[in-house]
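upload34.txt follows (compact mmCIF, C-alpha atoms):
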# COMPACT_ATOMS: atom_id res chain seq x y z
CA MET A 1 4.62 76.96 -9.47
CA LYS A 2 6.02 73.85 -7.85
CA ASP A 3 3.90 70.73 -7.82
CA CYS A 4 3.60 68.24 -4.99
CA ILE A 5 2.10 64.77 -4.99
CA ILE A 6 -0.29 63.55 -2.34
CA ALA A 7 -0.01 59.75 -2.23
CA MET A 8 -3.38 58.05 -1.84
CA ARG A 9 -4.05 54.61 -0.43
CA SER A 10 -5.92 53.42 -3.52
CA VAL A 11 -7.01 54.62 -6.94
CA THR A 12 -10.57 54.74 -5.57
CA LEU A 13 -9.57 57.15 -2.82
CA ALA A 14 -7.57 59.13 -5.37
CA ASN A 15 -10.73 59.48 -7.48
CA LYS A 16 -12.73 60.46 -4.40
CA ALA A 17 -10.17 63.04 -3.36
CA GLU A 18 -9.88 64.49 -6.85
CA ARG A 19 -13.64 65.01 -7.03
CA ALA A 20 -13.80 66.42 -3.53
CA LEU A 21 -11.10 68.95 -4.33
CA ARG A 22 -12.75 69.82 -7.62
CA SER A 23 -16.00 70.55 -5.83
CA GLU A 24 -14.09 73.02 -3.69
CA GLY A 25 -12.51 74.69 -6.70
CA ILE A 26 -9.10 73.05 -6.40
CA GLY A 27 -7.62 71.35 -9.44
CA SER A 28 -5.56 68.17 -9.23
CA GLU A 29 -4.44 65.38 -11.52
CA LEU A 30 -4.51 61.67 -10.81
CA VAL A 31 -1.09 60.10 -11.37
CA SER A 32 0.78 56.88 -10.75
CA VAL A 33 3.38 57.42 -8.09
CA ASP A 34 6.92 56.18 -8.65
CA PRO A 35 7.26 53.17 -6.32
CA ALA A 36 10.62 54.47 -5.17
CA LEU A 37 8.94 57.53 -3.68
CA THR A 38 6.53 55.77 -1.35
CA LYS A 39 6.77 53.24 1.44
CA ARG A 40 4.10 51.04 -0.10
CA GLY A 41 5.32 50.38 -3.63
CA CYS A 42 2.94 51.00 -6.51
CA SER A 43 0.32 53.57 -5.64
CA TYR A 44 -1.70 56.44 -6.96
CA GLY A 45 -1.59 60.08 -6.04
CA LEU A 46 -2.82 63.53 -6.89
CA THR A 47 -0.57 66.20 -8.31
CA VAL A 48 -1.39 69.53 -6.66
CA ARG A 49 0.19 72.95 -6.19
CA CYS A 50 2.56 72.82 -3.27
CA ASP A 51 1.28 76.11 -1.89
CA MET A 52 -2.21 74.57 -1.64
CA VAL A 53 -1.15 71.47 0.31
CA ASP A 54 -2.15 72.70 3.76
CA ASN A 55 -5.57 73.73 2.49
CA ILE A 56 -5.96 70.43 0.64
CA GLU A 57 -5.06 68.40 3.71
CA GLU A 58 -7.68 70.28 5.69
CA ILE A 59 -10.29 69.49 3.04
CA LEU A 60 -9.39 65.83 2.86
CA ASN A 61 -9.39 65.48 6.65
CA ARG A 62 -12.73 67.24 6.90
CA ARG A 63 -14.22 64.88 4.34
CA GLY A 64 -12.74 61.79 5.98
CA ILE A 65 -10.51 60.93 3.01
CA SER A 66 -7.29 59.38 4.24
CA HIS A 67 -4.05 59.94 2.37
CA GLY A 68 -0.40 58.94 2.49
CA GLU A 69 2.84 60.85 2.13
CA ILE A 70 3.10 64.28 0.61
CA ILE A 71 5.95 64.21 -1.85
CA GLY A 72 7.85 67.32 -2.83
CA LYS A 73 6.50 69.67 -0.17
CA TYR A 74 9.87 70.77 1.18
CA MET B 1 -40.67 38.29 -40.41
CA ARG B 2 -38.61 38.60 -37.22
CA GLU B 3 -40.06 36.60 -34.34
CA LYS B 4 -41.24 38.75 -31.44
CA THR B 5 -40.13 37.93 -27.93
CA VAL B 6 -42.23 38.29 -24.81
CA TYR B 7 -39.84 37.84 -21.91
CA PHE B 8 -40.90 36.67 -18.45
CA ASP B 9 -37.56 35.56 -16.98
CA ASN B 10 -36.47 38.82 -15.31
CA ALA B 11 -35.89 37.04 -12.02
CA ALA B 12 -33.06 35.18 -13.76
CA THR B 13 -31.70 38.20 -15.62
CA SER B 14 -33.36 41.37 -16.84
CA PHE B 15 -34.05 41.74 -20.53
CA PRO B 16 -33.92 43.76 -22.65
CA LYS B 17 -31.36 46.18 -21.26
CA PRO B 18 -31.89 49.93 -21.64
CA PRO B 19 -30.16 51.19 -24.80
CA ARG B 20 -27.97 53.40 -22.63
CA VAL B 21 -26.53 50.36 -20.87
CA ILE B 22 -25.52 48.76 -24.15
CA LYS B 23 -24.07 52.06 -25.35
CA GLU B 24 -21.92 52.50 -22.25
CA VAL B 25 -20.57 48.94 -22.45
CA THR B 26 -19.55 49.55 -26.05
CA ARG B 27 -18.06 52.94 -25.20
CA ALA B 28 -15.98 51.40 -22.42
CA LEU B 29 -14.65 48.77 -24.79
CA ASN B 30 -13.56 51.56 -27.10
CA ILE B 31 -11.94 53.97 -24.65
CA CYS B 32 -10.74 52.07 -21.60
CA GLY B 33 -7.38 50.79 -20.58
CA ASN B 34 -6.75 48.97 -17.30
CA PRO B 35 -8.34 50.94 -14.47
CA GLY B 36 -5.78 50.21 -11.78
CA ARG B 37 -2.40 49.73 -13.41
CA GLY B 38 -1.44 53.12 -14.81
CA SER B 39 -2.43 56.74 -15.06
CA HIS B 40 -2.37 57.38 -18.80
CA ARG B 41 -5.48 58.72 -20.47
CA LEU B 42 -7.06 55.33 -21.19
CA SER B 43 -6.33 54.07 -17.68
CA ARG B 44 -7.78 57.21 -16.09
CA ALA B 45 -10.89 56.89 -18.26
CA ALA B 46 -11.39 53.38 -16.92
CA SER B 47 -10.86 54.35 -13.29
CA GLU B 48 -13.37 57.19 -13.70
CA ILE B 49 -15.96 54.71 -14.94
CA LEU B 50 -15.41 52.45 -11.95
CA TYR B 51 -15.62 55.35 -9.54
CA ASP B 52 -18.81 56.65 -11.15
CA CYS B 53 -20.41 53.28 -10.53
CA ARG B 54 -19.25 53.18 -6.91
CA GLU B 55 -20.53 56.68 -6.32
CA ARG B 56 -23.94 55.96 -7.85
CA ALA B 57 -24.32 52.69 -5.97
CA ALA B 58 -23.28 54.31 -2.69
CA GLU B 59 -25.84 57.04 -3.18
CA MET B 60 -28.58 54.58 -4.09
CA PHE B 61 -28.02 52.26 -1.12
CA GLY B 62 -26.63 54.56 1.58
CA SER B 63 -22.91 54.02 1.91
CA GLU B 64 -19.60 55.49 0.75
CA PRO B 65 -18.04 54.90 -2.70
CA GLU B 66 -14.95 53.23 -1.30
CA ARG B 67 -17.16 50.72 0.50
CA VAL B 68 -18.62 49.51 -2.79
CA VAL B 69 -16.79 46.38 -3.90
CA LEU B 70 -17.23 45.45 -7.56
CA THR B 71 -17.89 41.75 -8.04
CA MET B 72 -18.93 39.37 -10.82
CA ASN B 73 -22.43 38.67 -9.45
CA ALA B 74 -24.40 38.23 -6.24
CA THR B 75 -22.97 34.76 -5.63
CA HIS B 76 -19.47 36.22 -5.70
CA SER B 77 -20.56 38.98 -3.31
CA LEU B 78 -22.18 36.54 -0.89
CA ASN B 79 -19.16 34.27 -0.88
CA ILE B 80 -16.87 37.18 -0.03
CA ALA B 81 -19.20 38.39 2.72
CA ILE B 82 -20.03 35.03 4.29
CA LYS B 83 -16.56 33.51 4.12
CA GLY B 84 -14.88 36.76 5.11
CA LEU B 85 -17.03 37.56 8.10
CA THR B 86 -17.42 34.10 9.72
CA HIS B 87 -14.79 32.16 11.61
CA ARG B 88 -14.29 28.83 13.33
CA ASN B 89 -16.58 28.23 16.34
CA GLU B 90 -18.91 31.05 15.37
CA HIS B 91 -22.64 30.70 14.76
CA VAL B 92 -24.70 31.98 11.83
CA LEU B 93 -28.45 32.27 11.36
CA ILE B 94 -30.03 32.11 7.92
CA SER B 95 -33.66 32.22 6.86
CA ASP B 96 -35.57 29.25 5.44
CA ILE B 97 -35.81 31.03 2.05
CA GLU B 98 -32.10 31.41 1.28
CA HIS B 99 -30.62 30.68 -2.10
CA ASN B 100 -27.82 28.17 -2.64
CA SER B 101 -25.47 31.11 -2.95
CA VAL B 102 -25.89 31.48 0.82
CA LEU B 103 -26.43 27.86 1.80
CA ARG B 104 -23.50 26.35 -0.10
CA PRO B 105 -20.82 28.74 1.16
CA LEU B 106 -22.13 28.18 4.69
CA CYS B 107 -22.00 24.42 4.29
CA LYS B 108 -18.41 24.85 3.14
CA MET B 109 -17.73 26.97 6.22
CA ALA B 110 -19.36 24.25 8.34
CA ASP B 111 -16.48 22.02 7.24
CA ARG B 112 -14.24 24.65 8.80
CA GLY B 113 -16.05 24.75 12.14
CA VAL B 114 -18.76 27.37 11.55
CA ASN B 115 -22.20 26.35 12.83
CA PHE B 116 -25.47 27.58 11.42
CA ASP B 117 -29.20 27.34 12.12
CA VAL B 118 -32.31 28.31 10.19
CA TYR B 119 -34.95 30.76 11.34
CA ASN B 120 -38.52 30.52 10.06
CA THR B 121 -40.13 33.13 7.86
CA PHE B 122 -43.75 32.07 8.44
CA GLY B 123 -44.93 33.35 5.06
CA GLY B 124 -43.66 36.84 5.86
CA ASN B 125 -45.28 37.41 9.28
CA GLU B 126 -42.94 40.02 10.75
CA GLU B 127 -43.60 39.37 14.41
CA LYS B 128 -43.11 35.63 14.06
CA ILE B 129 -39.94 36.11 12.01
CA LEU B 130 -38.37 38.34 14.65
CA ASP B 131 -39.41 35.93 17.41
CA SER B 132 -37.89 33.03 15.50
CA ILE B 133 -34.61 34.89 15.06
CA SER B 134 -34.48 35.96 18.69
CA SER B 135 -35.15 32.45 19.92
CA LYS B 136 -32.25 31.04 17.92
CA ILE B 137 -29.57 33.61 18.75
CA ARG B 138 -26.74 32.15 20.81
CA GLY B 139 -23.84 33.68 22.66
CA ASN B 140 -21.55 33.01 19.70
CA THR B 141 -23.94 34.14 16.95
CA ARG B 142 -21.85 36.41 14.77
CA VAL B 143 -23.81 36.78 11.54
CA ILE B 144 -27.45 36.78 10.47
CA VAL B 145 -28.27 36.46 6.76
CA ALA B 146 -31.57 37.44 5.14
CA ASN B 147 -32.83 36.98 1.62
CA HIS B 148 -34.62 40.30 1.20
CA ALA B 149 -37.12 39.14 -1.41
CA SER B 150 -37.77 35.61 -2.59
CA ASN B 151 -39.21 35.24 -6.07
CA ILE B 152 -39.78 31.54 -5.37
CA CYS B 153 -41.65 31.89 -2.07
CA ASN B 154 -43.26 35.30 -2.65
CA ILE B 155 -41.92 36.66 0.64
CA ILE B 156 -40.31 40.01 1.41
CA LEU B 157 -38.43 39.95 4.70
CA PRO B 158 -38.56 42.95 7.07
CA ILE B 159 -34.86 43.68 6.75
CA GLY B 160 -35.14 47.03 8.53
CA LYS B 161 -36.47 45.34 11.65
CA ILE B 162 -34.05 42.42 11.40
CA GLY B 163 -31.22 44.92 10.97
CA LYS B 164 -32.21 46.75 14.14
CA LEU B 165 -32.32 43.49 16.05
CA CYS B 166 -28.84 42.67 14.78
CA ARG B 167 -27.45 46.09 15.66
CA ASP B 168 -28.95 45.93 19.15
CA ARG B 169 -27.27 42.55 19.70
CA GLY B 170 -23.95 43.39 18.07
CA ILE B 171 -24.50 40.84 15.27
CA ILE B 172 -23.34 41.38 11.68
CA PHE B 173 -26.23 41.56 9.20
CA ILE B 174 -25.76 40.32 5.63
CA VAL B 175 -28.57 40.88 3.12
CA ASP B 176 -29.03 39.07 -0.17
CA ALA B 177 -30.71 41.68 -2.37
CA SER B 178 -30.59 39.63 -5.57
CA GLN B 179 -34.29 40.09 -6.31
CA SER B 180 -34.84 43.42 -4.60
CA ALA B 181 -31.94 45.70 -5.63
CA GLY B 182 -33.29 48.28 -8.01
CA ARG B 183 -36.87 47.19 -7.33
CA ILE B 184 -37.43 47.84 -3.61
CA PRO B 185 -35.76 50.83 -1.90
CA ILE B 186 -32.91 49.83 0.44
CA ASP B 187 -31.14 52.22 2.81
CA MET B 188 -28.22 50.49 4.48
CA ARG B 189 -27.80 53.07 7.21
CA ASN B 190 -31.45 53.18 8.24
CA MET B 191 -31.76 49.40 7.98
CA ASN B 192 -28.49 48.66 9.83
CA ILE B 193 -27.17 46.47 7.00
CA ASP B 194 -23.49 45.56 7.30
CA ALA B 195 -23.03 43.82 3.96
CA LEU B 196 -25.42 44.18 1.02
CA CYS B 197 -24.99 41.71 -1.84
CA MET B 198 -26.57 41.99 -5.26
CA PRO B 199 -26.16 41.14 -8.93
CA GLY B 200 -25.79 43.91 -11.47
CA HIS B 201 -27.75 42.08 -14.15
CA LYS B 202 -31.22 41.87 -12.61
CA GLY B 203 -33.07 44.83 -11.10
CA LEU B 204 -30.14 47.19 -11.68
CA MET B 205 -30.40 46.47 -15.43
CA GLY B 206 -26.66 46.02 -15.93
CA PRO B 207 -24.92 43.30 -17.94
CA GLN B 208 -24.12 39.82 -16.72
CA GLY B 209 -20.66 39.68 -15.15
CA SER B 210 -21.42 42.58 -12.79
CA GLY B 211 -22.33 42.59 -9.12
CA LEU B 212 -21.89 44.61 -5.96
CA LEU B 213 -20.95 43.97 -2.36
CA ILE B 214 -21.49 47.10 -0.31
CA PHE B 215 -20.15 47.30 3.22
CA GLY B 216 -21.80 49.40 5.89
CA ASP B 217 -20.05 51.82 8.21
CA ASN B 218 -19.71 49.38 11.12
CA VAL B 219 -18.25 46.28 9.54
CA ASP B 220 -14.77 44.91 10.21
CA LEU B 221 -12.75 45.94 7.18
CA THR B 222 -10.04 43.35 7.76
CA ALA B 223 -12.37 40.44 6.99
CA ASP B 224 -10.74 37.40 5.38
CA THR B 225 -10.26 37.62 1.64
CA LEU B 226 -11.59 35.18 -0.91
CA ILE B 227 -9.08 35.91 -3.68
CA GLU B 228 -5.61 37.41 -3.45
CA GLY B 229 -3.63 39.03 -6.22
CA GLY B 230 -2.69 42.38 -7.70
CA SER B 231 -4.64 45.34 -6.40
CA GLY B 232 -2.94 48.22 -8.21
CA SER B 233 -1.50 49.66 -5.03
CA ASN B 234 0.57 48.80 -1.97
CA SER B 235 2.51 46.34 -4.09
CA LEU B 236 5.37 45.92 -1.58
CA ASP B 237 3.03 44.18 0.84
CA VAL B 238 2.55 40.47 0.12
CA ARG B 239 -0.87 40.62 1.76
CA MET B 240 -4.00 42.16 0.33
CA PRO B 241 -4.45 45.80 1.43
CA ASP B 242 -6.51 46.57 4.50
CA GLU B 243 -8.39 49.33 2.72
CA LEU B 244 -11.65 49.02 0.88
CA PRO B 245 -12.38 48.33 -1.87
CA ASP B 246 -8.95 47.05 -2.87
CA ARG B 247 -8.95 44.35 -0.20
CA PHE B 248 -11.66 42.42 -2.03
CA GLU B 249 -10.81 43.31 -5.63
CA ALA B 250 -7.85 41.30 -6.88
CA GLY B 251 -6.91 41.35 -10.54
CA THR B 252 -8.18 43.46 -13.40
CA LEU B 253 -11.79 44.51 -12.93
CA MET B 254 -14.48 44.11 -15.60
CA THR B 255 -14.68 47.73 -16.65
CA PRO B 256 -17.12 47.33 -19.60
CA ALA B 257 -19.58 45.42 -17.37
CA VAL B 258 -19.23 48.03 -14.65
CA ALA B 259 -19.86 50.77 -17.21
CA GLY B 260 -23.11 49.07 -18.13
CA LEU B 261 -24.06 48.59 -14.49
CA SER B 262 -23.39 52.24 -13.76
CA ALA B 263 -25.69 53.26 -16.62
CA GLY B 264 -28.32 50.82 -15.36
CA ILE B 265 -28.26 52.36 -11.90
CA GLU B 266 -28.71 55.83 -13.39
CA TRP B 267 -31.57 54.56 -15.53
CA ILE B 268 -33.34 53.05 -12.52
CA LYS B 269 -32.90 56.26 -10.53
CA LYS B 270 -34.48 58.29 -13.32
CA ILE B 271 -37.38 55.86 -13.78
CA TYR B 272 -38.06 55.37 -10.05
CA PRO B 273 -36.88 58.47 -8.21
CA GLU B 274 -39.06 57.51 -5.31
CA VAL B 275 -40.74 54.16 -5.00
CA ASN B 276 -43.48 53.38 -2.51
CA ILE B 277 -44.02 49.66 -2.17
CA ILE B 278 -47.47 48.52 -1.07
CA GLU B 279 -47.52 44.82 -0.32
CA ALA B 280 -50.75 43.13 -1.31
CA ASN B 281 -50.46 39.54 -0.14
CA ASP B 282 -53.92 39.22 1.40
CA GLY B 283 -56.04 39.85 -1.68
CA PRO B 284 -58.76 37.68 -3.20
CA ASP B 285 -57.47 34.27 -4.26
CA GLY B 286 -56.66 34.65 -7.95
CA ARG B 287 -57.03 30.94 -8.50
CA LYS B 288 -60.72 31.19 -7.70
CA PHE B 289 -61.14 33.67 -10.51
CA ALA B 290 -58.97 31.84 -12.98
CA TYR B 291 -61.99 30.07 -14.37
CA GLU B 292 -64.52 32.85 -13.73
CA ASN B 293 -63.54 35.65 -16.01
CA GLY B 294 -66.57 37.75 -15.26
CA LYS B 295 -67.19 41.36 -14.23
CA GLU B 296 -67.94 40.28 -10.69
CA ALA B 297 -64.43 38.92 -10.32
CA GLU B 298 -62.92 42.14 -11.66
CA ASP B 299 -65.05 44.24 -9.31
CA ILE B 300 -63.89 42.25 -6.26
CA GLN B 301 -60.24 42.63 -7.24
CA ASN B 302 -60.61 46.33 -8.03
CA LYS B 303 -62.28 47.00 -4.66
CA TYR B 304 -59.37 45.27 -2.96
CA ILE B 305 -56.85 47.45 -4.82
CA VAL B 306 -58.74 50.65 -3.96
CA HIS B 307 -58.82 49.58 -0.30
CA LYS B 308 -55.09 48.87 -0.32
CA LEU B 309 -54.28 52.25 -1.80
CA ASN B 310 -56.20 53.90 1.01
CA GLY B 311 -56.73 57.22 -0.72
CA ILE B 312 -53.41 57.42 -2.60
CA LYS B 313 -54.08 59.02 -5.96
CA VAL B 314 -52.94 56.92 -8.93
CA ILE B 315 -52.09 58.64 -12.19
CA HIS B 316 -51.03 55.73 -14.40
CA VAL B 317 -51.72 52.01 -14.33
CA TYR B 318 -49.13 49.91 -16.08
CA SER B 319 -50.24 46.46 -17.06
CA GLY B 320 -49.37 43.92 -19.67
CA THR B 321 -52.77 42.25 -19.39
CA PHE B 322 -56.35 43.08 -20.18
CA TYR B 323 -57.05 43.78 -16.49
CA GLY B 324 -55.26 47.08 -16.77
CA GLU B 325 -58.23 48.79 -18.36
CA SER B 326 -60.62 47.71 -15.63
CA VAL B 327 -58.23 48.64 -12.82
CA ALA B 328 -57.44 52.02 -14.37
CA LYS B 329 -61.14 52.80 -14.65
CA ALA B 330 -61.73 51.88 -11.01
CA LEU B 331 -58.86 54.13 -9.95
CA GLU B 332 -59.79 56.96 -12.33
CA ALA B 333 -56.28 56.69 -13.77
CA GLU B 334 -54.84 56.44 -17.24
CA ASN B 335 -54.25 52.93 -18.51
CA LYS B 336 -50.87 52.34 -20.12
CA TYR B 337 -50.12 49.03 -21.77
CA ILE B 338 -46.52 48.04 -21.13
CA SER B 339 -46.52 45.55 -23.93
CA ILE B 340 -47.72 46.60 -27.33
CA ASP B 341 -47.06 43.00 -28.36
CA LEU B 342 -50.50 42.25 -26.95
CA GLU B 343 -51.98 44.10 -29.89
CA SER B 344 -50.50 41.54 -32.26
CA LEU B 345 -50.53 38.67 -29.78
CA PRO B 346 -53.97 39.02 -28.19
CA VAL B 347 -53.80 36.31 -25.59
CA SER B 348 -53.47 36.26 -21.82
CA GLY B 349 -52.88 33.57 -19.24
CA THR B 350 -56.53 33.79 -18.23
CA LYS B 351 -57.75 33.28 -21.77
CA ILE B 352 -55.50 30.26 -22.18
CA ARG B 353 -56.67 28.77 -18.88
CA ASN B 354 -60.32 29.38 -19.76
CA SER B 355 -60.14 28.05 -23.30
CA PRO B 356 -57.04 25.85 -23.62
CA TYR B 357 -58.26 24.10 -26.77
CA GLU B 358 -58.90 27.40 -28.52
CA TYR B 359 -55.46 28.77 -27.62
CA LYS B 360 -53.58 25.51 -27.92
CA ASP B 361 -51.15 27.02 -30.41
CA PHE B 362 -49.75 29.34 -27.72
CA MET B 363 -48.58 26.46 -25.54
CA GLU B 364 -45.79 23.96 -25.94
CA GLU B 365 -47.25 20.55 -26.68
CA PHE B 366 -46.07 18.96 -23.43
CA VAL B 367 -47.42 21.93 -21.44
CA PHE B 368 -50.81 21.61 -23.13
CA ASP B 369 -50.93 17.86 -22.48
CA GLU B 370 -50.06 18.28 -18.81
CA TYR B 371 -52.54 21.08 -18.39
CA ILE B 372 -55.40 19.10 -19.92
CA LYS B 373 -54.49 16.13 -17.73
CA SER B 374 -54.55 18.28 -14.61
CA ARG B 375 -57.90 19.79 -15.56
CA LYS B 376 -59.37 16.37 -16.18
CA GLY B 377 -58.15 15.37 -12.74
CA ASP B 378 -59.69 18.47 -11.09
CA ASN B 379 -62.94 18.68 -12.99
CA ASN B 380 -63.55 15.15 -14.20
CA GLU B 381 -63.78 16.46 -17.76

Would you give me this structure, written as structure tokens?
Amino acid sequence: MKDCIIAMRSVTLANKAERALRSEGIGSELVSVDPALTKRGCSYGLTVRCDMVDNIEEILNRRGISHGEIIGKY
Amino acid sequence: MREKTVYFDNAATSFPKPPRVIKEVTRALNICGNPGRGSHRLSRAASEILYDCRERAAEMFGSEPERVVLTMNATHSLNIAIKGLTHRNEHVLISDIEHNSVLRPLCKMADRGVNFDVYNTFGGNEEKILDSISSKIRGNTRVIVANHASNICNIILPIGKIGKLCRDRGIIFIVDASQSAGRIPIDMRNMNIDALCMPGHKGLMGPQGSGLLIFGDNVDLTADTLIEGGSGSNSLDVRMPDELPDRFEAGTLMTPAVAGLSAGIEWIKKIYPEVNIIEANDGPDGRKFAYENGKEAEDIQNKYIVHKLNGIKVIHVYSGTFYGESVAKALEAENKYISIDLESLPVSGTKIRNSPYEYKDFMEEFVFDEYIKSRKGDNNE
């Protein structure tokens, strides 16, 4: 299953998102994002299953957790 | 034989720390990498520790984890808040019981065109405090600062009511909770607090080198920064990030200290899941009884305590003095000594005051000399 990365605006928000997703039964892994892949340079992200991205975005939006680019979706 | 220590300086720093706090500091030193510069196992372990602390602090004080900024101490927190949220030609109000960690940054800001005035606290009279604040608010008043609890002046300010006044007037409210955090319940949302500043090493039982600055939901997140540097993210931007908490956390954070602080917060929450504070500032004058250690004095004080409780059932009385037994009996509660050292060090302040010559060995020589001099002056001994 293909993995995508959801770039987060800080490691703190990455932690918050990871725990929020875990509480909803969705696994993810906190990773450093290659600076070449984002517009912001060094950043953190969550590795998730690409087929779960839409659901994950809905969860993060509902919980008020902002995020950056989604890498690898298409 | 190891010398025993009876410690009274908790207003300066709490001691001893709960064993769990010490254990977590040590554990962090053994397992943590840098919390914001990588995602390997040791780095993730460190970032988890920081987030745990933010989450616990946010829950305790009523905010969100990302609004919890980790600082070195309350002074650091207050400097960030005061210098970040005030600007040239703006006006600030502070109470007459503020610490230098509020006064000095403001004096520095005065050099940069910020004006400030002092409102009176009138020994804690709420109505007079609010009137004093209201009378000094100007059109350009941007920030009001309040020292929640002064250990020097024995005053607890009504920060909930001050917060409402600030919110009604669109004024930012900064609270110095150095002596109250972990000891008196604080709810930032209910109390309309915009920036809550505290040390980690006092009431929260954490180690020195830890502190918190918690921002409320309404504060301007693009406040000026105190320190700029690496934030672990957004590295292509030469400015500090706009997002909390990164905006105010430059450089590597003090993960072992934060680990201890996090454990301290958990310890406090377990010990005091719900704390009801009853202020008793209008009781019998203790000085009158200092030299009259009789049953009559105890009865008067116990009646006052029963009146103050107003029917609330007490289960345990915790006291480090001999009064505990008398109070517990009056309240039909169980007496629990909090200091077993009294069993091997059977002396109290009252005993020393009543019989200074007998207990001379428990005083420093210069203290004894001064005390005898003052008694001779009072009583013509």

Do you have, as CSV, the list of residues of chain B lying at most 12 Å from chain A, each with its nearest atom pair and that distance in Å to one decimal, counting all atoms listed in the file and ordered by chain then number?
residue,atom,partner,partner_atom,distance
B:Asn34,CA,A:Val11,CA,11.8
B:Pro35,CA,A:Val11,CA,8.5
B:Gly36,CA,A:Val11,CA,6.7
B:Arg37,CA,A:Ser32,CA,8.3
B:Gly38,CA,A:Ser32,CA,6.0
B:Ser39,CA,A:Val31,CA,5.2
B:His40,CA,A:Val31,CA,8.0
B:Arg41,CA,A:Leu30,CA,10.1
B:Ser43,CA,A:Val31,CA,10.2
B:Arg44,CA,A:Leu30,CA,7.6
B:Ala45,CA,A:Leu30,CA,10.9
B:Ala46,CA,A:Val11,CA,11.0
B:Ser47,CA,A:Val11,CA,7.4
B:Glu48,CA,A:Asn15,CA,7.1
B:Ile49,CA,A:Asn15,CA,10.3
B:Leu50,CA,A:Thr12,CA,8.3
B:Tyr51,CA,A:Thr12,CA,6.5
B:Asp52,CA,A:Asn15,CA,9.3
B:Cys53,CA,A:Thr12,CA,11.1
B:Arg54,CA,A:Thr12,CA,8.9
B:Glu55,CA,A:Lys16,CA,8.9
B:Glu64,CA,A:Lys16,CA,9.9
B:Pro65,CA,A:Lys16,CA,7.9
B:Glu66,CA,A:Thr12,CA,6.3
B:Arg67,CA,A:Thr12,CA,9.8
B:Val68,CA,A:Thr12,CA,10.0
B:Val69,CA,A:Thr12,CA,10.6
B:Leu70,CA,A:Thr12,CA,11.6
B:Gly230,CA,A:Cys42,CA,10.4
B:Ser231,CA,A:Ser10,CA,8.7
B:Gly232,CA,A:Cys42,CA,6.7
B:Ser233,CA,A:Ser43,CA,4.4
B:Asn234,CA,A:Arg40,CA,4.6
B:Ser235,CA,A:Gly41,CA,4.9
B:Leu236,CA,A:Gly41,CA,4.9
B:Asp237,CA,A:Arg40,CA,7.0
B:Val238,CA,A:Arg40,CA,10.7
B:Arg239,CA,A:Arg40,CA,11.7
B:Pro241,CA,A:Arg9,CA,9.0
B:Asp242,CA,A:Arg9,CA,9.7
B:Glu243,CA,A:Arg9,CA,7.5
B:Leu244,CA,A:Ser10,CA,8.5
B:Pro245,CA,A:Thr12,CA,7.6
B:Asp246,CA,A:Ser10,CA,7.1
B:Arg247,CA,A:Ser10,CA,10.1
B:Glu249,CA,A:Ser10,CA,11.4

**Asked** Suppose you want the space between CA of Arg112 (chain B) and CA of Ser95 (chain B); what is it in Å?
**Response** 20.9 Å

**Request:** Please provide the set of residues having any atom within 6 Å of Ile5 (chain A), restricted to all atoms listed in the file, with same-chain residues fewer than 4 positions apart removed, written as a list in words.
**Result:** Leu46, Thr47, Ile70 and Ile71 of chain A

**d(CA of Gly163 (chain B), CA of Ala146 (chain B)) in Å** =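 Between CA of Gly163 (chain B) and CA of Ala146 (chain B) the gap is 9.5 Å.
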
**Request:** Could you please determine the separation between CA of Met205 (chain B) and CA of Glu266 (chain B) in Å, to one decimal place?
**Result:**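 These two atoms are separated by 9.7 Å.
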